[in-house]
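Asker: I'm passing along query.cif; it holds mmCIF, C-alpha atoms.
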data_target
#
loop_
_atom_site.label_atom_id
_atom_site.label_comp_id
_atom_site.auth_asym_id
_atom_site.auth_seq_id
_atom_site.Cartn_x
_atom_site.Cartn_y
_atom_site.Cartn_z
CA MET P 49 14.12 -42.50 -3.14
CA THR P 50 15.70 -40.34 -0.43
CA HIS P 51 15.83 -41.89 3.03
CA PRO P 52 15.58 -39.48 5.98
CA THR P 53 18.38 -41.05 7.98
CA GLU P 54 19.03 -37.91 10.04
CA MET P 55 15.38 -37.65 10.96
CA ILE P 56 15.41 -41.20 12.35
CA SER P 57 18.19 -40.30 14.74
CA ALA P 58 16.50 -37.04 15.68
CA TYR P 59 13.24 -38.92 16.20
CA LEU P 60 14.87 -41.29 18.68
CA ASP P 61 16.30 -38.23 20.47
CA GLY P 62 12.83 -36.67 20.64
CA GLU P 63 13.90 -33.62 18.64
CA LEU P 64 11.36 -33.69 15.84
CA THR P 65 8.31 -31.50 15.63
CA ARG P 66 4.88 -33.09 15.30
CA ALA P 67 4.81 -32.34 11.63
CA GLU P 68 8.21 -33.90 11.11
CA VAL P 69 7.19 -36.99 13.08
CA SER P 70 4.11 -37.37 10.91
CA GLN P 71 6.23 -36.98 7.81
CA LEU P 72 8.74 -39.58 9.00
CA LEU P 73 6.11 -42.12 10.01
CA ALA P 74 4.36 -41.66 6.69
CA HIS P 75 7.61 -42.43 4.92
CA MET P 76 8.28 -45.49 7.03
CA ASP P 77 4.89 -46.92 6.16
CA SER P 78 6.29 -47.68 2.75
CA CYS P 79 10.03 -47.98 3.40
CA GLY P 80 11.31 -51.21 4.86
CA LYS P 81 14.89 -49.94 4.79
CA CYS P 82 14.17 -47.06 7.12
CA VAL P 83 12.19 -49.33 9.44
CA ALA P 84 15.17 -51.66 9.58
CA ASP P 85 17.55 -48.72 10.12
CA MET P 86 15.46 -47.46 13.00
CA GLU P 87 15.31 -50.89 14.63
CA GLY P 88 19.07 -51.26 14.24
CA LEU P 89 19.74 -47.83 15.69
CA GLN P 90 17.37 -48.52 18.53
CA LYS P 91 19.23 -51.74 19.37
CA VAL P 92 22.61 -49.99 19.36
CA ARG P 93 21.28 -47.32 21.70
CA THR P 94 19.80 -49.91 23.99
CA SER P 95 23.08 -51.82 24.05
CA VAL P 96 25.11 -48.72 24.79
CA ARG P 97 22.79 -47.67 27.57
CA SER P 98 23.03 -51.17 29.14
CA LEU P 99 26.85 -50.94 29.50
CA PRO P 100 28.09 -50.47 33.05
CA LEU P 101 29.33 -47.02 34.06
CA ILE P 102 33.04 -46.90 34.82
CA GLU P 103 34.49 -44.16 36.94
CA LEU P 104 37.60 -42.67 35.36
CA PRO P 105 40.75 -42.69 37.37
CA PRO P 106 41.67 -39.24 38.75
CA GLY P 107 44.06 -37.23 36.51
CA LEU P 108 43.16 -39.05 33.34
CA LEU P 109 41.69 -35.92 31.79
CA GLY P 110 44.33 -33.63 33.25
CA ASP P 111 43.29 -29.98 33.45
CA ALA P 112 41.12 -30.11 30.39
CA GLU P 113 38.28 -27.56 30.42
CA PRO P 114 34.81 -28.95 29.96
CA VAL P 115 33.51 -28.32 26.47
CA VAL P 116 29.87 -27.90 25.66
CA VAL P 117 28.99 -29.67 22.43
CA PRO P 118 25.83 -28.25 20.89
CA LEU P 119 23.12 -30.71 20.04
CA ARG P 120 21.36 -30.58 16.71
CA ARG P 121 19.22 -27.47 16.74
CA ASN P 122 15.54 -27.74 16.06
CA ARG P 123 13.94 -25.58 13.34
CA GLY P 124 11.59 -24.30 16.03
CA PHE P 125 14.50 -22.39 17.47
CA TRP P 126 14.89 -20.30 14.32
CA VAL P 127 11.16 -19.75 14.00
CA GLY P 128 11.04 -18.53 17.58
CA ALA P 129 14.06 -16.32 17.09
CA ALA P 130 12.54 -14.76 13.98
CA ALA P 131 9.24 -14.14 15.75
CA ALA P 132 11.04 -12.54 18.66
CA GLY P 133 12.97 -10.32 16.26
CA VAL P 134 9.80 -9.20 14.51
CA ALA P 135 8.17 -8.50 17.87
CA VAL P 136 11.12 -6.36 18.91
CA VAL P 137 11.00 -4.41 15.64
CA ILE P 138 7.26 -3.82 16.04
CA ALA P 139 7.64 -2.74 19.64
CA VAL P 140 10.45 -0.34 18.82
CA ALA P 141 8.63 1.07 15.80
CA THR P 142 5.44 1.52 17.80
CA VAL P 143 7.24 3.33 20.59
CA LEU P 144 9.45 5.49 18.40
CA THR P 145 6.95 6.33 15.66
CA PRO P 146 5.23 9.66 16.26
CA GLN P 147 1.52 9.03 16.55
CA PRO P 148 -0.89 10.96 14.30
CA THR P 149 -2.56 13.99 15.83
CA GLN P 150 -5.39 12.87 18.09
CA LEU P 151 -8.56 14.79 17.34
CA SER P 152 -11.51 15.05 19.66
CA VAL P 153 -15.20 15.35 18.92
CA ASN P 154 -14.98 19.01 19.93
CA ASP P 155 -12.35 19.56 17.24
CA LEU P 156 -14.88 18.33 14.70
CA ASN P 157 -17.73 20.29 16.25
CA SER P 158 -15.85 23.56 16.14
CA ARG P 159 -15.10 23.19 12.45
CA PHE P 160 -18.60 22.05 11.61
CA GLY P 161 -19.94 24.96 13.66
CA ALA P 162 -17.68 27.38 11.83
CA ARG P 163 -19.04 26.29 8.49
CA VAL P 164 -22.64 25.95 9.52
CA SER P 165 -22.64 29.50 10.89
CA LEU P 166 -22.64 30.64 7.28
CA ASP P 167 -25.53 28.38 6.38
CA PRO P 168 -28.60 30.32 5.28
CA ALA P 169 -30.63 28.26 7.72
CA PHE P 170 -28.25 29.06 10.59
CA GLY P 171 -29.89 30.35 13.72
CA PRO P 172 -31.68 28.61 16.54
CA ALA P 173 -32.37 25.77 14.11
CA LYS P 174 -28.69 25.07 13.52
CA VAL P 175 -26.94 25.93 16.72
CA VAL P 176 -24.24 23.40 17.55
CA VAL P 177 -23.50 23.38 21.24
CA PRO P 178 -20.68 21.12 22.35
CA ASP P 179 -21.28 21.51 26.06
CA VAL P 180 -24.77 22.15 27.38
CA ARG P 181 -26.90 21.47 30.43
CA GLU P 182 -28.55 18.10 30.19
CA LEU P 183 -32.24 18.04 30.98
CA THR P 184 -31.90 14.72 32.69
CA GLU P 185 -29.30 15.95 35.20
CA MET T 249 -20.25 39.85 3.52
CA ARG T 250 -21.86 37.04 5.47
CA ARG T 251 -25.30 38.44 5.08
CA ALA T 252 -24.77 38.92 1.38
CA LEU T 253 -23.65 35.30 1.03
CA ALA T 254 -26.57 34.10 3.10
CA LEU T 255 -28.98 36.08 0.95
CA VAL T 256 -27.50 34.63 -2.25
CA ALA T 257 -27.73 31.12 -0.85
CA LEU T 258 -31.25 31.68 0.38
CA VAL T 259 -32.36 32.77 -3.04
CA THR T 260 -31.03 29.48 -4.34
CA LEU T 261 -32.36 27.34 -1.54
CA LEU T 262 -35.82 28.78 -1.50
CA PRO T 263 -36.62 29.77 -5.04
CA ALA T 264 -39.57 32.02 -5.57
CA THR T 265 -41.67 29.27 -7.09
CA SER T 266 -44.65 30.38 -5.08
CA ALA T 267 -45.74 33.33 -3.05
CA SER T 268 -45.46 31.33 0.18
CA ALA T 269 -41.84 30.36 -0.49
CA ALA T 270 -40.95 33.98 -1.09
CA ASP T 271 -42.69 34.93 2.17
CA LEU T 272 -40.78 32.26 4.06
CA GLU T 273 -37.51 33.51 2.63
CA GLY T 274 -38.30 36.93 3.96
CA LEU T 275 -39.24 35.55 7.35
CA LEU T 276 -36.02 33.55 7.62
CA ASP T 277 -34.03 36.60 6.69
CA ARG T 278 -35.88 38.54 9.38
CA SER T 279 -35.17 35.80 11.90
CA ARG T 280 -31.45 36.44 11.58
CA GLU T 281 -31.92 40.15 12.09
CA ALA T 282 -34.20 39.82 15.13
CA SER T 283 -32.99 40.86 18.57
CA TYR T 284 -34.09 38.76 21.51
CA SER T 285 -33.18 36.64 24.49
CA ALA T 286 -34.51 33.12 24.72
CA GLU T 287 -34.26 29.81 26.45
CA GLN T 288 -34.33 26.89 24.04
CA VAL T 289 -35.03 23.22 24.69
CA ILE T 290 -33.46 20.76 22.28
CA SER T 291 -34.92 17.27 22.42
CA CYS T 292 -34.03 14.52 19.99
CA THR T 293 -35.40 10.98 19.84
CA THR T 294 -32.57 8.92 18.42
CA PRO T 295 -32.08 5.18 17.85
CA ASP T 296 -29.75 5.25 20.87
CA GLY T 297 -32.20 7.03 23.17
CA VAL T 298 -33.36 10.55 23.93
CA ARG T 299 -30.83 13.37 23.84
CA ASP T 300 -31.94 16.69 25.26
CA ALA T 301 -30.53 19.93 26.55
CA VAL T 302 -31.38 23.53 27.38
CA VAL T 303 -29.43 26.44 25.97
CA SER T 304 -29.69 30.21 26.39
CA LEU T 305 -29.63 32.32 23.26
CA GLU T 306 -29.10 36.01 22.73
CA GLN T 307 -29.25 37.56 19.32
CA VAL T 308 -28.61 41.16 18.38
CA GLY T 309 -28.28 42.46 14.85
CA GLY T 310 -27.46 39.13 13.28
CA GLU T 311 -24.97 38.10 15.96
CA LEU T 312 -26.10 34.97 17.77
CA GLN T 313 -24.63 34.01 21.10
CA VAL T 314 -25.24 30.69 22.77
CA SER T 315 -24.47 30.33 26.45
CA GLY T 316 -23.69 27.18 28.28
CA GLU T 317 -20.51 26.34 30.11
CA VAL T 318 -18.95 27.13 26.77
CA GLU T 319 -20.08 30.21 24.93
CA VAL T 320 -20.45 30.05 21.21
CA SER T 321 -20.04 33.26 19.31
CA SER T 322 -20.89 33.13 15.64
CA GLY T 323 -21.40 35.48 12.78
CA SER T 324 -19.07 37.87 10.97
CA GLY T 325 -17.83 35.01 8.84
CA GLY T 326 -16.56 32.99 11.75
CA TRP T 327 -17.29 30.98 14.80
CA ALA T 328 -15.59 30.81 18.16
CA LEU T 329 -15.80 28.90 21.42
CA VAL T 330 -15.18 31.03 24.47
CA ARG T 331 -14.45 29.65 27.92
CA GLY T 332 -13.82 32.00 30.81
CA GLY T 333 -13.54 34.95 28.45
CA SER T 334 -10.81 33.32 26.35
CA VAL T 335 -11.17 31.90 22.90
CA VAL T 336 -10.51 28.18 23.10
CA ASN T 337 -11.22 27.43 19.47
CA SER T 338 -12.12 29.51 16.48
CA ALA T 339 -12.39 29.38 12.75
CA SER T 340 -13.05 31.67 9.87
CA VAL T 341 -14.84 30.26 6.88
CA GLU T 342 -15.71 31.33 3.39
CA THR T 343 -18.22 29.37 1.40
CA GLY T 344 -17.33 27.90 -1.96
CA THR T 345 -19.00 28.59 -5.24
CA HIS T 346 -21.30 25.55 -5.36
CA GLU T 347 -24.91 25.96 -4.48
CA ALA T 348 -27.32 23.32 -3.24
CA ASN T 349 -30.21 22.42 -5.47
CA PRO T 350 -33.59 23.14 -3.95
CA THR T 351 -34.99 19.96 -2.44
CA TYR T 352 -37.76 21.14 -0.17
CA GLN T 353 -41.19 22.51 -0.88
CA VAL T 354 -42.71 24.89 1.65
CA ASP T 355 -46.43 25.02 2.28
CA ASP T 356 -48.52 28.16 2.46
CA GLY T 357 -48.16 28.47 6.23
CA ALA T 358 -50.83 28.66 8.88
CA GLU T 359 -51.49 30.66 12.01
CA HIS T 360 -49.97 28.94 15.00
CA PRO T 361 -49.88 30.95 18.26
CA PHE T 362 -46.81 30.06 20.30
CA LEU T 363 -45.82 31.23 23.81
CA ASP T 364 -48.92 33.45 23.70
CA ARG T 365 -47.52 35.18 20.67
CA GLU T 366 -48.80 35.58 17.17
CA ALA T 367 -46.88 33.15 15.01
CA ALA T 368 -47.08 31.15 11.80
CA ARG T 369 -46.19 27.53 11.16
CA TYR T 370 -44.54 26.48 7.89
CA ARG T 371 -43.99 22.90 6.82
CA LEU T 372 -41.21 21.64 4.59
CA TYR T 373 -41.77 18.63 2.35
CA VAL T 374 -39.76 16.43 0.03
CA GLY T 375 -42.47 15.18 -2.27
CA ASP T 376 -45.14 14.07 0.17
CA VAL T 377 -42.73 13.43 3.02
CA LEU T 378 -42.79 15.95 5.85
CA ARG T 379 -39.23 16.84 6.86
CA GLY T 380 -39.48 20.04 8.85
CA GLU T 381 -41.80 22.37 10.66
CA LEU T 382 -40.91 25.99 11.49
CA VAL T 383 -42.82 28.30 13.81
CA VAL T 384 -41.96 31.91 13.09
CA ASP T 385 -42.73 34.78 15.46
CA GLY T 386 -45.02 37.31 13.81
CA GLU T 387 -43.54 40.38 15.48
CA THR T 388 -39.79 39.73 15.30
CA GLY T 389 -39.48 36.93 12.79
CA ALA T 390 -37.51 34.81 15.25
CA LEU T 391 -37.71 31.04 14.84
CA LEU T 392 -39.65 29.99 17.93
CA SER T 393 -39.73 26.29 17.14
CA VAL T 394 -38.13 23.93 14.64
CA VAL T 395 -39.07 20.27 14.39
CA THR T 396 -37.34 17.85 12.03
CA TYR T 397 -38.77 14.48 11.00
CA ASN T 398 -37.66 11.04 9.91
CA ALA T 399 -39.05 9.74 6.64
CA ASP T 400 -41.61 7.63 8.53
CA GLY T 401 -43.19 10.78 9.96
CA GLU T 402 -41.74 10.37 13.45
CA ALA T 403 -40.23 13.52 14.95
CA TYR T 404 -36.44 13.37 15.20
CA CYS T 405 -35.44 16.65 16.85
CA GLU T 406 -37.42 19.47 18.33
CA ARG T 407 -35.88 22.83 19.16
CA ARG T 408 -38.40 24.94 21.01
CA PHE T 409 -38.20 28.22 22.85
CA ILE T 410 -39.61 27.94 26.35
CA GLU T 411 -38.87 31.57 27.20
CA PHE T 412 -38.75 34.42 24.75
CA ASP T 413 -38.01 38.09 25.36
CA PRO T 414 -38.16 40.17 22.20
CA THR T 415 -36.38 43.16 23.70
CA THR T 416 -32.77 43.81 22.87
CA PRO T 417 -30.53 42.11 25.45
CA ASP T 418 -28.73 44.55 27.74
CA VAL T 419 -25.40 42.79 27.71
CA VAL T 420 -24.15 41.00 24.67
CA THR T 421 -20.59 39.79 24.42
CA PRO T 422 -18.97 41.51 21.46
CA ALA T 423 -18.33 39.29 18.47
CA VAL T 424 -15.02 37.51 18.84
CA ALA T 425 -12.38 38.27 16.26
CA VAL T 426 -11.50 34.99 14.66
CA ASP T 427 -8.35 33.83 12.98
CA ASP T 428 -8.72 34.30 9.24
CA ALA T 429 -6.17 31.59 8.56
CA ALA T 430 -7.86 28.93 10.67
CA LEU T 431 -9.50 27.22 7.72
CA GLU T 432 -8.55 27.45 4.10
CA PRO T 433 -10.65 26.36 1.14
CA SER T 434 -9.22 23.20 -0.36
CA ARG T 435 -9.40 21.58 -3.76
CA ASP T 436 -8.66 18.08 -2.45
CA THR T 437 -11.78 16.19 -3.50
CA ARG T 438 -10.53 12.59 -3.43
CA ALA T 439 -12.44 11.47 -0.34
CA PHE T 440 -15.51 13.60 -0.87
CA PRO T 441 -17.98 12.71 -3.62
CA GLU T 442 -19.77 15.61 -5.25
CA THR T 443 -23.10 14.22 -4.09
CA LEU T 444 -24.12 11.90 -1.26
CA GLY T 445 -27.74 10.86 -1.57
CA THR T 446 -29.68 14.08 -1.91
CA PHE T 447 -26.84 16.10 -0.42
CA GLN T 448 -24.50 18.22 -2.48
CA ARG T 449 -20.94 19.04 -1.57
CA LEU T 450 -20.70 22.79 -1.20
CA ASP T 451 -17.08 23.37 -0.23
CA ILE T 452 -13.94 21.73 1.18
CA TYR T 453 -11.56 23.03 3.82
CA GLU T 454 -8.24 22.01 5.28
CA ASP T 455 -6.19 23.26 8.17
CA GLY T 456 -2.71 22.98 9.57
CA ASP T 457 -3.53 19.90 11.65
CA GLY T 458 -3.80 17.77 8.52
CA LEU T 459 -7.55 17.70 8.82
CA VAL T 460 -9.62 18.07 5.66
CA PHE T 461 -13.36 18.35 5.62
CA ALA T 462 -16.18 18.88 3.18
CA TYR T 463 -19.50 20.51 3.89
CA TYR T 464 -22.68 19.03 2.42
CA SER T 465 -26.21 20.37 2.38
CA ASP T 466 -29.54 19.50 0.86
CA GLY T 467 -30.86 22.98 1.55
CA PHE T 468 -32.14 22.27 5.04
CA PHE T 469 -30.11 19.52 6.70
CA SER T 470 -26.36 19.63 6.55
CA PHE T 471 -23.28 17.73 7.64
CA ALA T 472 -19.51 17.82 7.41
CA VAL T 473 -17.34 14.85 6.42
CA PHE T 474 -13.84 14.81 7.87
CA GLU T 475 -10.76 12.97 6.67
CA THR T 476 -8.58 12.62 9.76
CA PRO T 477 -5.01 11.39 10.33
CA SER T 478 -6.28 9.00 13.00
CA VAL T 479 -9.59 7.67 14.23
CA VAL T 480 -11.56 10.10 16.37
CA GLU T 481 -12.57 8.42 19.61
CA LEU T 482 -16.20 8.98 20.59
CA THR T 483 -17.36 9.04 24.20
CA ASP T 484 -19.61 6.12 25.07
CA PRO T 485 -20.43 5.41 21.42
CA GLY T 486 -23.20 3.33 19.93
CA SER T 487 -22.85 1.66 16.58
CA LEU T 488 -24.47 1.27 13.20
CA THR T 489 -23.83 -1.78 11.02
CA LEU T 490 -24.44 -1.57 7.30
CA GLY T 491 -23.74 -4.93 5.67
CA ASP T 492 -20.22 -5.87 6.76
CA ASN T 493 -19.38 -2.33 7.77
CA ALA T 494 -19.55 -1.15 11.39
CA TYR T 495 -19.51 2.51 12.34
CA SER T 496 -19.18 4.10 15.77
CA ARG T 497 -21.66 6.84 16.37
CA SER T 498 -22.74 9.21 19.07
CA PHE T 499 -25.87 11.31 19.28
CA ALA T 500 -25.90 14.70 21.01
CA PRO T 501 -28.79 17.12 21.28
CA GLY T 502 -29.31 18.26 17.71
CA GLN T 503 -26.52 16.39 16.02
CA VAL T 504 -24.95 13.03 15.29
CA THR T 505 -21.28 12.12 14.98
CA TYR T 506 -19.94 9.06 13.17
CA SER T 507 -16.35 7.88 13.28
CA TRP T 508 -14.59 4.98 11.55
CA GLU T 509 -11.17 3.77 10.50
CA THR T 510 -10.19 3.66 6.84
CA ARG T 511 -7.16 2.45 4.89
CA ASP T 512 -5.64 5.91 5.06
CA GLY T 513 -6.48 6.86 8.66
CA GLY T 514 -9.94 7.85 9.80
CA MET T 515 -13.14 9.51 8.73
CA ALA T 516 -15.89 11.21 10.66
CA LEU T 517 -19.22 12.78 9.96
CA VAL T 518 -20.98 15.47 12.01
CA GLY T 519 -24.42 16.75 11.10
CA ASP T 520 -28.06 17.29 11.89
CA LEU T 521 -29.54 14.91 9.34
CA PRO T 522 -32.24 12.47 10.55
CA PRO T 523 -31.27 8.80 11.08
CA ASP T 524 -33.09 7.48 8.00
CA MET T 525 -30.69 9.49 5.84
CA HIS T 526 -27.54 8.08 7.44
CA PRO T 527 -27.13 4.79 5.51
CA GLU T 528 -27.25 6.34 2.06
CA VAL T 529 -24.74 9.01 3.02
CA LEU T 530 -22.33 6.57 4.71
CA ASP T 531 -22.51 4.16 1.76
CA GLY T 532 -21.10 6.85 -0.48
CA LEU T 533 -17.97 7.39 1.62
CA SER T 534 -14.81 5.35 2.18
CA GLN T 535 -15.73 2.08 3.83
CA PRO T 536 -14.55 1.09 7.32
CA PHE T 537 -11.32 -0.89 7.31
CA SER T 538 -9.48 -2.55 10.17
CA PRO T 539 -5.78 -2.98 9.35
CA GLY T 540 -3.54 -5.61 10.95
CA ILE T 541 -0.80 -4.60 13.34
CA LEU T 542 1.91 -4.74 10.66
CA GLN T 543 -0.19 -2.56 8.38
CA ARG T 544 -0.64 -0.09 11.22
CA VAL T 545 3.10 0.05 11.84
CA TRP T 546 3.74 0.48 8.12
CA ARG T 547 1.12 3.23 7.91
CA ASN T 548 2.55 5.00 10.92
CA LEU T 549 6.06 4.80 9.57
CA PHE T 550 5.46 5.64 5.94
CA GLY T 551 2.00 7.21 5.86
#
Output the file's structure in the form of structure tokens.

Answerer:
Amino acid sequence: MTHPTEMISAYLDGELTRAEVSQLLAHMDSCGKCVADMEGLQKVRTSVRSLPLIELPPGLLGDAEPVVVPLRRNRGFWVGAAAAGVAVVIAVATVLTPQPTQLSVNDLNSRFGARVSLDPAFGPAKVVVPDVRELTE
Amino acid sequence: MRRALALVALVTLLPATSASAADLEGLLDRSREASYSAEQVISCTTPDGVRDAVVSLEQVGGELQVSGEVEVSSGSGGWALVRGGSVVNSASVETGTHEANPTYQVDDGAEHPFLDREAARYRLYVGDVLRGELVVDGETGALLSVVTYNADGEAYCERRFIEFDPTTPDVVTPAVAVDDAALEPSRDTRAFPETLGTFQRLDIYEDGDGLVFAYYSDGFFSFAVFETPSVVELTDPGSLTLGDNAYSRSFAPGQVTYSWETRDGGMALVGDLPPDMHPEVLDGLSQPFSPGILQRVWRNLFG
């Protein structure tokens, strides 16, 4: 049986997704070891947090530059990054892709009219008029 | 050439199965040769409301000119829109070799005075269903009135002269020379079934804009089906839903236009067929399809 030790730590740091939390809690329902591990880890954290803060004497760190230590990255970060990448690709493709020729109803009418003018029944019975006076105006 | 083609097609469309049909053929042929000026009212009762309009017609020696804000010059194997004396759109067409099977029976005709003129009324039937009614001027042979019907007997569109002057118009715009290369017959039949309901595909065309269309007729009504690179946007469209499929549509006086998106781009239909015929025709064509955004990007990029 594999014990999700890393997930326990991440859980206590509030870094798990809902799905991961559900998965972890489901595992702990049947794993006394992980429950014990979590309780132990929780106690250590509580103890550490209860220690008094001590101000360091000036000059102890010298001229050391502050270093940013990355925390464990959540999977959500990568999902978001991928989605953003896809969105950028779509946006660029949409903007750069030449759009198909836009046809209007009059384009269709003119071609239909051209053909229908050779219809044997063509005449007043078949006249196609794209722009006429409306009776209701 | 056009008249010869029309005559050949007429012989096919209106076979001489009876004396009355032969008479009607002659009258229709005369109607194209008549010279007159007229004012025509077009009024159509559609599922989306009434669509009506008035147009002025002038016909001399087989050349028909329709005046509105846009002038339509037809005949001589072509068709052109003229605005302010300039051709804004034109096309030259040549019919294919297919011929429509005769669908309509014509009755014996009856006297039917119209606009105080001697005239005859002919009715067109499919079986027992009345589909059309023509009033033909006795003196000139001009079509004074044409009414088309839905299958339930309700009138769909009426085109009726409200003024008619049988003298040769004084001023007629000369026929516009059209571009012979505007439309080319095509053999691309993938999107266009040979038959759609009672309609038969007569010919297919394509032009330089990547637009391909097929012309269908049942001998009286007709429509064109277009395969377009993108969806044609209709102005203030209504809709028709057939099962899970939704189509945008727009009625104008005398014609209907449908437009929908497909897997490969768009399709559209323009024609004068009555509404009861629409479902059967649309069912035979590529079904509407709404792609996701990634599919759209892919289609735009790679076709």

Asker: Residues near T:Thr483, anyone? I mean within 8 Å using only C-alpha atoms, not counting same-chain ones fewer than 2 positions away, as a list in words.

Answerer: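 What passes the distance filter is Glu481, Pro485 and Ser498 of chain T.
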
Asker: Run through the PyMOL selection byres ((chain T and resi 509) around 12) on the given coordinates and return the selected residues as a count of residues only.

Answerer: 30

Asker: Figure out the distance between atom CA of T:Asp300 and atom CA of T:Leu530, please, to one decimal in Å.

Answerer: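 Distance between the two atoms: 24.8 Å.
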
Asker: May I ask which of the residues T:Pro441, T:Phe469, T:Thr416, T:Cys292 is the closest one to T:Leu372, counting all atoms listed in the file?

Answerer: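 With all atoms listed in the file as the atom set, the closest residue is T:Phe469.
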
Asker: Please determine, counting all atoms listed in the file, which residue among P:Pro52, P:Gly124, P:Gly88, P:Pro172 has the shortest atom-to-atom distance to chain T.

Answerer: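 Of P:Pro52, P:Gly124, P:Gly88, P:Pro172, the one nearest chain T is P:Pro172, counting all atoms listed in the file.
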
Asker: Could you tell me which residues the PyMOL selection byres ((chain T and resi 532) around 12) grabs in this file, written as a short mmCIF file (atom, residue, chain, number, x, y, z; two decimals) with C-alpha atoms, keeping the file's coordinate frame?

Answerer:
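The resulting file, part24.cif, is shown below:
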data_model
loop_
_atom_site.label_atom_id
_atom_site.label_comp_id
_atom_site.auth_asym_id
_atom_site.auth_seq_id
_atom_site.Cartn_x
_atom_site.Cartn_y
_atom_site.Cartn_z
CA ALA T 439 -12.44 11.47 -0.34
CA PHE T 440 -15.51 13.60 -0.87
CA PRO T 441 -17.98 12.71 -3.62
CA GLU T 442 -19.77 15.61 -5.25
CA THR T 443 -23.10 14.22 -4.09
CA LEU T 444 -24.12 11.90 -1.26
CA GLY T 445 -27.74 10.86 -1.57
CA THR T 446 -29.68 14.08 -1.91
CA PHE T 447 -26.84 16.10 -0.42
CA VAL T 473 -17.34 14.85 6.42
CA LEU T 490 -24.44 -1.57 7.30
CA MET T 525 -30.69 9.49 5.84
CA HIS T 526 -27.54 8.08 7.44
CA PRO T 527 -27.13 4.79 5.51
CA GLU T 528 -27.25 6.34 2.06
CA VAL T 529 -24.74 9.01 3.02
CA LEU T 530 -22.33 6.57 4.71
CA ASP T 531 -22.51 4.16 1.76
CA LEU T 533 -17.97 7.39 1.62
CA SER T 534 -14.81 5.35 2.18
CA GLN T 535 -15.73 2.08 3.83
CA PRO T 536 -14.55 1.09 7.32
#

Asker: From the list T:Val302, T:Tyr397, T:Ser285, T:Phe362, which residue is nearest chain P when using all atoms listed in the file?

Answerer: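 Answer, going by the shortest atom-to-atom distance: T:Val302.
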
Asker: Neighbouring residues of P:Leu89 were defined as those with any atom within 12 Å, considering only C-alpha atoms; residues of the same chain fewer than 2 positions away were excluded. Please report them as a list in words.

Answerer: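 Residues near the query, excluding close chain neighbours: Thr53, Glu54, Ile56, Ser57, Ala58, Tyr59, Leu60, Asp61, Cys82, Val83, Ala84, Asp85, Met86, Glu87, Lys91, Val92, Arg93, Thr94, Ser95 and Val96 of chain P.
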
Asker: What does the PyMOL selection byres ((chain T and resi 518) around 6) select in this file, as a JSON list (two decimals) with C-alpha atoms, keeping the file's coordinate frame?

Answerer:
[["chain", "number", "residue", "atom", "x", "y", "z"],
["T", 471, "PHE", "CA", -23.28, 17.73, 7.64],
["T", 472, "ALA", "CA", -19.51, 17.82, 7.41],
["T", 504, "VAL", "CA", -24.95, 13.03, 15.29],
["T", 505, "THR", "CA", -21.28, 12.12, 14.98],
["T", 517, "LEU", "CA", -19.22, 12.78, 9.96],
["T", 519, "GLY", "CA", -24.42, 16.75, 11.10]]

Asker: Calculated over only C-alpha atoms, which of the candidates T:Thr294, T:Asn398, T:Thr489, T:Ser470 has the smallest distance to chain P?

Answerer: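 Using only C-alpha atoms, the shortest distance to chain P belongs to T:Ser470.
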
Asker: Looking at all atoms listed in the file, which of T:Pro417, T:Gly375, T:Pro295, T:Pro523 is the one that sits closest to T:Gln307?

Answerer: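 Distance minimum relative to T:Gln307 lands on T:Pro417.
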
Asker: Go through T:Leu488, T:Ile410, T:Leu312, T:Leu521 and flag the residue nearest chain P, using all atoms listed in the file for the distances.

Answerer: T:Leu312

Asker: Provide the atom CA of T:Arg365 to atom CA of T:Pro414 distance in Å, to one decimal place.

Answerer: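 That distance, rounded to one decimal, is 10.7 Å.
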